[in-house]
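Trainee: Provided below: run_11.cif, containing mmCIF, C-alpha atoms.
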data_query
#
loop_
_atom_site.label_atom_id
_atom_site.label_comp_id
_atom_site.auth_asym_id
_atom_site.auth_seq_id
_atom_site.Cartn_x
_atom_site.Cartn_y
_atom_site.Cartn_z
CA THR A 9 48.36 128.19 -73.40
CA VAL A 10 45.05 127.57 -75.16
CA SER A 11 46.58 126.91 -78.58
CA PRO A 12 49.91 125.59 -79.91
CA THR A 13 50.57 128.66 -82.08
CA TYR A 14 50.02 131.06 -79.18
CA ALA A 15 52.58 129.12 -77.16
CA LYS A 16 55.11 129.95 -79.89
CA GLU A 17 53.96 133.55 -80.30
CA ILE A 18 54.49 134.52 -76.66
CA GLN A 19 58.16 133.72 -77.10
CA THR A 20 58.46 136.66 -79.53
CA GLU A 21 58.80 140.37 -78.85
CA GLU A 22 55.59 141.14 -80.75
CA TYR A 23 53.36 138.93 -78.60
CA GLY A 24 55.41 138.45 -75.43
CA PHE A 25 54.62 141.94 -74.08
CA GLY A 26 57.98 142.13 -72.33
CA LEU A 27 57.88 138.62 -70.88
CA GLU A 28 59.21 136.80 -73.95
CA GLY A 29 62.66 136.39 -72.35
CA VAL A 30 61.19 134.73 -69.26
CA VAL A 31 59.02 132.47 -71.40
CA LYS A 32 61.96 131.40 -73.56
CA LYS A 33 63.97 130.43 -70.47
CA ARG A 34 61.08 128.22 -69.32
CA VAL A 35 60.13 126.91 -72.76
CA LYS A 36 60.59 123.27 -71.73
CA LYS A 37 57.70 123.77 -69.32
CA LEU A 38 55.51 125.47 -71.92
CA ARG A 39 52.75 123.64 -73.75
CA GLY A 40 49.95 124.75 -76.04
CA ILE A 41 46.72 122.71 -76.11
CA LEU A 42 43.85 123.93 -78.27
CA ASN A 43 40.57 124.73 -76.54
CA GLY A 44 37.58 122.58 -77.38
CA LEU A 45 34.02 123.66 -78.12
CA ASP A 46 30.69 122.79 -76.50
CA VAL A 47 29.45 120.95 -79.58
CA GLN A 48 26.09 120.18 -77.96
CA GLY A 49 25.41 123.85 -77.24
CA TRP A 50 26.54 124.90 -80.70
CA ASP A 51 24.85 122.48 -83.08
CA PRO A 52 22.75 123.80 -86.00
CA SER A 53 20.91 120.49 -86.30
CA VAL A 54 19.22 120.93 -82.89
CA ASP A 55 19.70 124.63 -82.10
CA LYS A 56 16.54 126.03 -80.47
CA PHE A 57 17.66 129.63 -81.00
CA ILE A 58 17.59 129.54 -84.81
CA PRO A 59 14.43 129.60 -86.97
CA VAL A 60 15.23 126.46 -88.98
CA VAL A 61 17.68 123.68 -88.06
CA TYR A 62 20.05 122.28 -90.66
CA SER A 63 23.16 120.11 -91.04
CA SER A 64 25.97 119.44 -93.50
CA VAL A 65 23.69 116.83 -95.12
CA ARG A 66 20.59 119.02 -95.26
CA MET A 67 21.68 122.62 -95.85
CA ALA A 68 18.39 124.20 -96.96
CA GLY A 69 17.74 125.56 -93.47
CA LYS A 70 20.76 127.86 -93.68
CA ILE A 71 19.13 129.80 -96.52
CA ARG A 72 16.06 130.32 -94.32
CA CYS A 73 18.26 131.38 -91.41
CA LYS A 74 19.92 134.00 -93.61
CA ALA A 75 16.55 135.37 -94.72
CA GLU A 76 15.43 135.62 -91.08
CA LEU A 77 18.66 137.40 -90.11
CA GLN A 78 18.24 139.85 -92.98
CA ARG A 79 14.70 140.52 -91.76
CA LEU A 80 15.91 140.99 -88.17
CA CYS A 81 18.48 143.53 -89.35
CA GLY A 82 16.13 145.37 -91.69
CA PHE A 83 18.17 144.37 -94.74
CA GLU A 84 16.99 143.54 -98.23
CA GLU A 85 16.05 139.84 -98.16
CA ASP A 86 18.23 138.69 -101.02
CA PRO A 87 20.24 135.43 -100.82
CA GLY A 88 22.55 136.81 -103.51
CA ILE A 89 23.99 139.52 -101.27
CA PRO A 90 26.93 138.33 -99.13
CA LEU A 91 26.27 138.87 -95.42
CA PHE A 92 29.26 139.42 -93.10
CA ALA A 93 28.98 139.14 -89.32
CA MET A 94 30.98 139.75 -86.17
CA VAL A 95 30.16 138.50 -82.67
CA THR A 96 32.88 139.98 -80.50
CA ARG A 97 34.01 141.89 -77.47
CA LEU A 98 34.54 145.48 -78.59
CA ALA A 99 38.24 145.87 -77.83
CA GLU A 100 41.35 146.91 -79.75
CA GLN A 101 42.64 143.30 -79.68
CA LYS A 102 39.85 142.25 -82.03
CA GLY A 103 41.12 144.32 -84.96
CA LEU A 104 38.11 146.62 -84.87
CA ASP A 105 40.06 149.67 -86.03
CA HIS A 106 40.82 147.89 -89.30
CA MET A 107 37.21 146.79 -89.63
CA ALA A 108 35.94 150.32 -89.03
CA GLU A 109 38.36 151.66 -91.63
CA ILE A 110 37.10 149.39 -94.42
CA ALA A 111 33.39 149.42 -93.50
CA ASP A 112 32.37 152.19 -95.91
CA LYS A 113 34.21 150.54 -98.79
CA LEU A 114 32.75 147.12 -97.97
CA LEU A 115 29.19 148.42 -97.77
CA ALA A 116 29.52 150.48 -100.94
CA ASP A 117 29.86 147.31 -103.00
CA ARG A 118 26.78 145.10 -102.54
CA ALA A 119 27.33 143.62 -99.10
CA GLN A 120 25.62 143.50 -95.72
CA PHE A 121 27.27 143.70 -92.31
CA VAL A 122 25.97 142.96 -88.81
CA LEU A 123 27.85 143.27 -85.54
CA LEU A 124 26.90 142.01 -82.09
CA GLY A 125 28.99 142.98 -79.09
CA GLU A 126 29.73 145.41 -76.32
CA GLY A 127 32.89 146.86 -74.81
CA ASP A 128 34.96 150.02 -75.16
CA ASP A 129 33.01 153.24 -75.69
CA VAL A 130 35.20 154.32 -78.60
CA TYR A 131 34.02 151.30 -80.62
CA HIS A 132 30.40 151.76 -79.60
CA THR A 133 30.64 155.25 -81.10
CA SER A 134 32.59 154.16 -84.18
CA PHE A 135 30.25 151.35 -85.17
CA ARG A 136 27.11 153.27 -84.25
CA ASN A 137 28.27 155.92 -86.73
CA ILE A 138 28.84 153.26 -89.40
CA GLY A 139 25.31 152.00 -88.79
CA ASN A 140 23.93 155.52 -89.15
CA ARG A 141 25.78 156.02 -92.44
CA HIS A 142 24.57 152.70 -93.87
CA PRO A 143 21.13 152.04 -92.32
CA LYS A 144 19.99 149.72 -95.11
CA THR A 145 23.06 147.48 -95.25
CA SER A 146 24.50 147.46 -91.73
CA ARG A 147 23.13 146.79 -88.27
CA MET A 148 24.93 147.19 -84.96
CA PHE A 149 23.63 145.38 -81.89
CA LEU A 150 25.78 147.07 -79.24
CA ASP A 151 25.03 144.69 -76.41
CA PHE A 152 25.18 140.95 -75.95
CA ASP A 153 22.24 138.66 -76.55
CA ALA A 154 22.69 134.87 -76.71
CA ALA A 155 19.76 134.32 -79.07
CA LYS A 156 21.06 136.96 -81.48
CA ALA A 157 24.52 135.38 -81.37
CA HIS A 158 23.07 132.07 -82.56
CA ALA A 159 21.10 133.91 -85.26
CA LEU A 160 24.26 135.61 -86.56
CA TYR A 161 26.32 132.42 -86.62
CA ALA A 162 23.56 130.60 -88.50
CA GLY A 163 22.42 133.33 -90.86
CA ALA A 164 25.65 134.96 -92.01
CA ASP A 165 27.75 133.85 -94.96
CA PHE A 166 31.10 134.95 -93.51
CA PHE A 167 32.41 135.57 -90.00
CA LEU A 168 35.04 138.30 -89.48
CA MET A 169 37.90 137.92 -86.95
CA PRO A 170 40.69 140.35 -87.92
CA SER A 171 42.26 139.99 -84.46
CA LEU A 172 45.61 141.57 -83.66
CA PHE A 173 46.22 138.55 -81.40
CA GLU A 174 44.00 135.66 -80.39
CA PRO A 175 45.16 133.05 -77.82
CA CYS A 176 42.53 130.61 -79.09
CA GLY A 177 39.19 132.02 -80.18
CA LEU A 178 35.91 130.15 -80.22
CA GLY A 179 34.03 132.29 -82.74
CA GLN A 180 35.75 130.72 -85.72
CA MET A 181 34.97 127.21 -84.44
CA ILE A 182 31.32 128.08 -83.86
CA SER A 183 30.95 129.79 -87.23
CA MET A 184 32.36 126.77 -89.06
CA ARG A 185 29.95 124.50 -87.18
CA TYR A 186 27.19 126.61 -88.76
CA GLY A 187 28.69 126.68 -92.26
CA THR A 188 29.62 130.36 -91.89
CA LEU A 189 33.15 130.68 -93.20
CA PRO A 190 35.70 132.61 -91.11
CA ILE A 191 37.86 135.46 -92.40
CA ALA A 192 40.68 135.90 -89.91
CA ARG A 193 44.29 136.85 -89.24
CA ARG A 194 46.74 133.98 -89.13
CA VAL A 195 47.46 134.24 -85.39
CA GLY A 196 47.08 132.06 -82.29
CA GLY A 197 44.23 129.62 -82.29
CA LEU A 198 42.90 131.06 -85.54
CA ALA A 199 45.97 129.70 -87.32
CA ASP A 200 45.48 126.33 -85.61
CA THR A 201 41.83 125.89 -86.58
CA ILE A 202 41.40 127.59 -89.96
CA VAL A 203 42.93 126.22 -93.15
CA ASP A 204 43.21 128.92 -95.81
CA LEU A 205 41.18 128.16 -98.90
CA ASP A 206 43.35 126.98 -101.79
CA GLU A 207 41.59 127.21 -105.14
CA LYS A 208 44.09 124.94 -106.90
CA THR A 209 43.87 122.02 -104.48
CA GLN A 210 40.26 122.68 -103.46
CA THR A 211 41.17 122.48 -99.77
CA GLY A 212 40.54 124.79 -96.83
CA ASN A 213 37.71 125.87 -94.58
CA GLY A 214 38.08 129.65 -94.43
CA PHE A 215 40.25 132.64 -95.28
CA LEU A 216 43.46 133.73 -93.55
CA PHE A 217 45.72 136.76 -93.90
CA MET A 218 48.82 137.80 -91.99
CA GLU A 219 49.53 141.49 -92.51
CA LYS A 220 48.01 143.81 -89.88
CA SER A 221 46.34 146.26 -92.25
CA PRO A 222 42.85 147.24 -93.40
CA GLU A 223 44.01 146.79 -97.00
CA GLN A 224 44.90 143.14 -96.42
CA LEU A 225 41.58 142.56 -94.66
CA MET A 226 39.76 144.05 -97.63
CA ARG A 227 41.71 141.90 -100.09
CA THR A 228 40.81 138.78 -98.10
CA ILE A 229 37.14 139.79 -98.07
CA ALA A 230 37.37 140.12 -101.86
CA ARG A 231 38.56 136.50 -102.01
CA ALA A 232 35.56 135.46 -99.93
CA LYS A 233 33.18 137.35 -102.22
CA LYS A 234 34.70 135.56 -105.20
CA LEU A 235 33.90 132.21 -103.56
CA PHE A 236 30.39 133.45 -102.72
CA ALA A 237 29.74 134.00 -106.41
CA ASP A 238 30.41 130.29 -107.10
CA LYS A 239 27.50 128.66 -105.28
CA LYS A 240 28.61 125.09 -105.97
CA ARG A 241 32.08 125.64 -104.52
CA LEU A 242 30.68 127.68 -101.64
CA GLN A 243 28.41 124.81 -100.66
CA ALA A 244 31.31 122.34 -100.80
CA VAL A 245 33.51 124.51 -98.54
CA ARG A 246 30.65 125.04 -96.10
CA LYS A 247 30.07 121.33 -95.78
CA ARG A 248 33.79 120.70 -95.31
CA ALA A 249 33.91 123.27 -92.51
CA MET A 250 30.83 121.85 -90.78
CA LYS A 251 32.33 118.37 -90.58
CA ILE A 252 35.42 119.41 -88.60
CA ASP A 253 35.54 117.98 -85.06
CA PHE A 254 36.04 120.83 -82.59
CA SER A 255 34.89 118.82 -79.56
CA TRP A 256 36.91 118.51 -76.35
CA ASP A 257 37.73 114.85 -77.06
CA LYS A 258 41.16 115.44 -78.61
CA SER A 259 42.11 118.27 -76.23
CA ALA A 260 41.09 116.23 -73.19
CA LYS A 261 43.43 113.43 -74.25
CA GLU A 262 46.26 115.93 -74.62
CA TYR A 263 45.59 117.32 -71.14
CA MET A 264 45.57 113.81 -69.67
CA GLY A 265 48.87 113.10 -71.37
CA LEU A 266 50.32 116.33 -69.96
CA TYR A 267 49.12 115.51 -66.43
CA ARG A 268 50.67 112.03 -66.62
CA GLU A 269 53.94 113.55 -67.86
CA VAL A 270 54.02 116.09 -65.01
CA ALA A 271 53.10 113.44 -62.43
CA GLY A 272 55.81 111.14 -63.69
#
Would you put the structure from the file into structure tokens?

Mentor:
Amino acid sequence: TVSPTYAKEIQTEEYGFGLEGVVKKRVKKLRGILNGLDVQGWDPSVDKFIPVVYSSVRMAGKIRCKAELQRLCGFEEDPGIPLFAMVTRLAEQKGLDHMAEIADKLLADRAQFVLLGEGDDVYHTSFRNIGNRHPKTSRMFLDFDAAKAHALYAGADFFLMPSLFEPCGLGQMISMRYGTLPIARRVGGLADTIVDLDEKTQTGNGFLFMEKSPEQLMRTIARAKKLFADKKRLQAVRKRAMKIDFSWDKSAKEYMGLYREVAG
């Protein structure tokens, strides 16, 4: 599987989808190796799709990228308003029902939300309606556009992934590369790549929650907004996230080790 946690999850009734018994019997032949990321293609210091390049050492460009994204979406250009983004396939797996349920509450309390993606018609309708209800603070791009994806990763403050299950996920890795902190369920590859922010120890690179509910998603967003209000801490967490190595180097070594083991 494409992450260690997902390899464990498919042995359970909740995530095994009826095959958990078979998987358990073959568990000695099961291995989870985390996917890597194309770190050349997703690099804010050289990204040709974003208006201003930046890095963990020189972060000023991210502020400009946010202003440009706010302009693209027709939002108020205010760096003090937290901007939440999703780049996703519109499918039930991605936790979109929970997101749709909290959208009105989120947007009623000084926040901006932009979504980029296409998929099931029911979610096209649901999020189009949200956009119509909140034209000044939400924007729905119901298609896929590579340039817009880069703009969202670079310009947003937080990246939402309330997935019901997620074998690996690349969105959280990309968002952290761009200093956009992920808010995600503690499942699959999300659990393997995101360390929940701990205010006491000053560690972590994003926000995790476990319970499958819109209420828990909203509570986790509230934690993110609290961090957003502390600009010094926010900057420190962003830099910490941007320095994580999500390249294929480590995964490739694990695959080579697995091949040698299988080949004897």

Trainee: Pick from A:Gly214, A:Gly44, A:Gly163, A:Gly82: nearest to Lys70 in chain A, with only C-alpha atoms counted?

Mentor: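 The shortest atom-to-atom distance to Lys70 in chain A comes from A:Gly163.
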
Trainee: List the residues matched by the PyMOL selection byres ((chain A and resi 156) around 12) in the displayed structure as number ranges by chain, ordered by chain and then by residue number.

Mentor: A: 56-59, 73, 76-77, 80-81, 93-95, 122-125, 148-155, 157-164

Trainee: Here's the selection I'm unsure about, the PyMOL selection byres ((chain A and resi 202) around 10); applied to the file above, which residues does it give, as a list in words?

Mentor: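 On the file shown, the PyMOL selection byres ((chain A and resi 202) around 10) covers Gln180, Met181, Met184, Leu189, Pro190, Ile191, Ala192, Arg193, Arg194, Gly197, Leu198, Ala199, Asp200, Thr201, Val203, Asp204, Leu205, Gly212, Asn213, Gly214, Phe215, Leu216 and Ala249 of chain A.
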
Trainee: Residues as selected, C-alpha atoms, written as a PDB file, in the frame of the given file, can you do that?

Mentor:
ATOM      1  CA  GLN A 180      35.750 130.720 -85.720  1.00  0.00           C
ATOM      2  CA  MET A 181      34.970 127.210 -84.440  1.00  0.00           C
ATOM      3  CA  MET A 184      32.360 126.770 -89.060  1.00  0.00           C
ATOM      4  CA  LEU A 189      33.150 130.680 -93.200  1.00  0.00           C
ATOM      5  CA  PRO A 190      35.700 132.610 -91.110  1.00  0.00           C
ATOM      6  CA  ILE A 191      37.860 135.460 -92.400  1.00  0.00           C
ATOM      7  CA  ALA A 192      40.680 135.900 -89.910  1.00  0.00           C
ATOM      8  CA  ARG A 193      44.290 136.850 -89.240  1.00  0.00           C
ATOM      9  CA  ARG A 194      46.740 133.980 -89.130  1.00  0.00           C
ATOM     10  CA  GLY A 197      44.230 129.620 -82.290  1.00  0.00           C
ATOM     11  CA  LEU A 198      42.900 131.060 -85.540  1.00  0.00           C
ATOM     12  CA  ALA A 199      45.970 129.700 -87.320  1.00  0.00           C
ATOM     13  CA  ASP A 200      45.480 126.330 -85.610  1.00  0.00           C
ATOM     14  CA  THR A 201      41.830 125.890 -86.580  1.00  0.00           C
ATOM     15  CA  VAL A 203      42.930 126.220 -93.150  1.00  0.00           C
ATOM     16  CA  ASP A 204      43.210 128.920 -95.810  1.00  0.00           C
ATOM     17  CA  LEU A 205      41.180 128.160 -98.900  1.00  0.00           C
ATOM     18  CA  GLY A 212      40.540 124.790 -96.830  1.00  0.00           C
ATOM     19  CA  ASN A 213      37.710 125.870 -94.580  1.00  0.00           C
ATOM     20  CA  GLY A 214      38.080 129.650 -94.430  1.00  0.00           C
ATOM     21  CA  PHE A 215      40.250 132.640 -95.280  1.00  0.00           C
ATOM     22  CA  LEU A 216      43.460 133.730 -93.550  1.00  0.00           C
ATOM     23  CA  ALA A 249      33.910 123.270 -92.510  1.00  0.00           C
TER      24      ALA A 249
END

Trainee: Have a look at CA of Thr188 in chain A and CA of Arg66 in chain A and let me know their distance in Å, one decimal.

Mentor: 14.9 Å

Trainee: Can you pull out every residue within 12 Å of range 127-135 of chain A, counting all atoms listed in the file, but drop anything in the same chain fewer than 3 positions away, and send it as a VMD selection string?

Mentor: chain A and resid 94 to 112 121 to 124 138 to 143 146 to 152

Trainee: Give me the residues within 12 Å of Glu262 in chain A as an MDAnalysis selection string, counting only C-alpha atoms and dropping any in the same chain fewer than 2 places off.

Mentor: chainID A and resid 10:12 39:44 256:260 264:269

Trainee: Tell me, in Å to one decimal, how far CA of Lys144 in chain A is from CA of Phe83 in chain A.

Mentor: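 Computed distance, CA of Lys144 in chain A to CA of Phe83 in chain A, equals 5.7 Å.
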
Trainee: Provide the CA of Leu91 in chain A to CA of Thr145 in chain A distance in Å, to one decimal place.

Mentor: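 CA of Thr145 in chain A lies at a distance of 9.2 Å from CA of Leu91 in chain A.
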
Trainee: From the list A:Val54, A:Ile18, A:Ile252, A:Leu114, which residue is nearest Arg34 in chain A when using only C-alpha atoms?

Mentor: A:Ile18

Trainee: May I have the protein, DNA and RNA residues with an atom at most 12 Å from (58.1, 131.8, -80.6), counting only C-alpha atoms in the file's coordinates, returned as a PyMOL selection string?

Mentor: chain A and resi 12-24+27-29+31-33+35+38-40+195-196

Trainee: For Thr228 in chain A, which of A:Tyr263, A:Leu168, A:Lys240, A:Gly179 is the closest residue, counting all atoms listed in the file?

Mentor: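 Among the listed residues, the smallest separation from Thr228 in chain A belongs to A:Leu168.
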
Trainee: Around all of range 82-91 of chain A's listed atoms, make the axis-aligned box with 3 Å on each side and tell me centre and edge lengths in Å to one decimal, as AutoDock Vina command-line options.

Mentor:
--center_x 21.5 --center_y 140.4 --center_z -97.6 --size_x 16.9 --size_y 15.9 --size_z 17.8

Trainee: For Arg231 in chain A, which residue out of A:Thr211, A:Ala271, A:Asp206, A:Lys247 is the nearest one, using all atoms listed in the file?

Mentor: A:Asp206
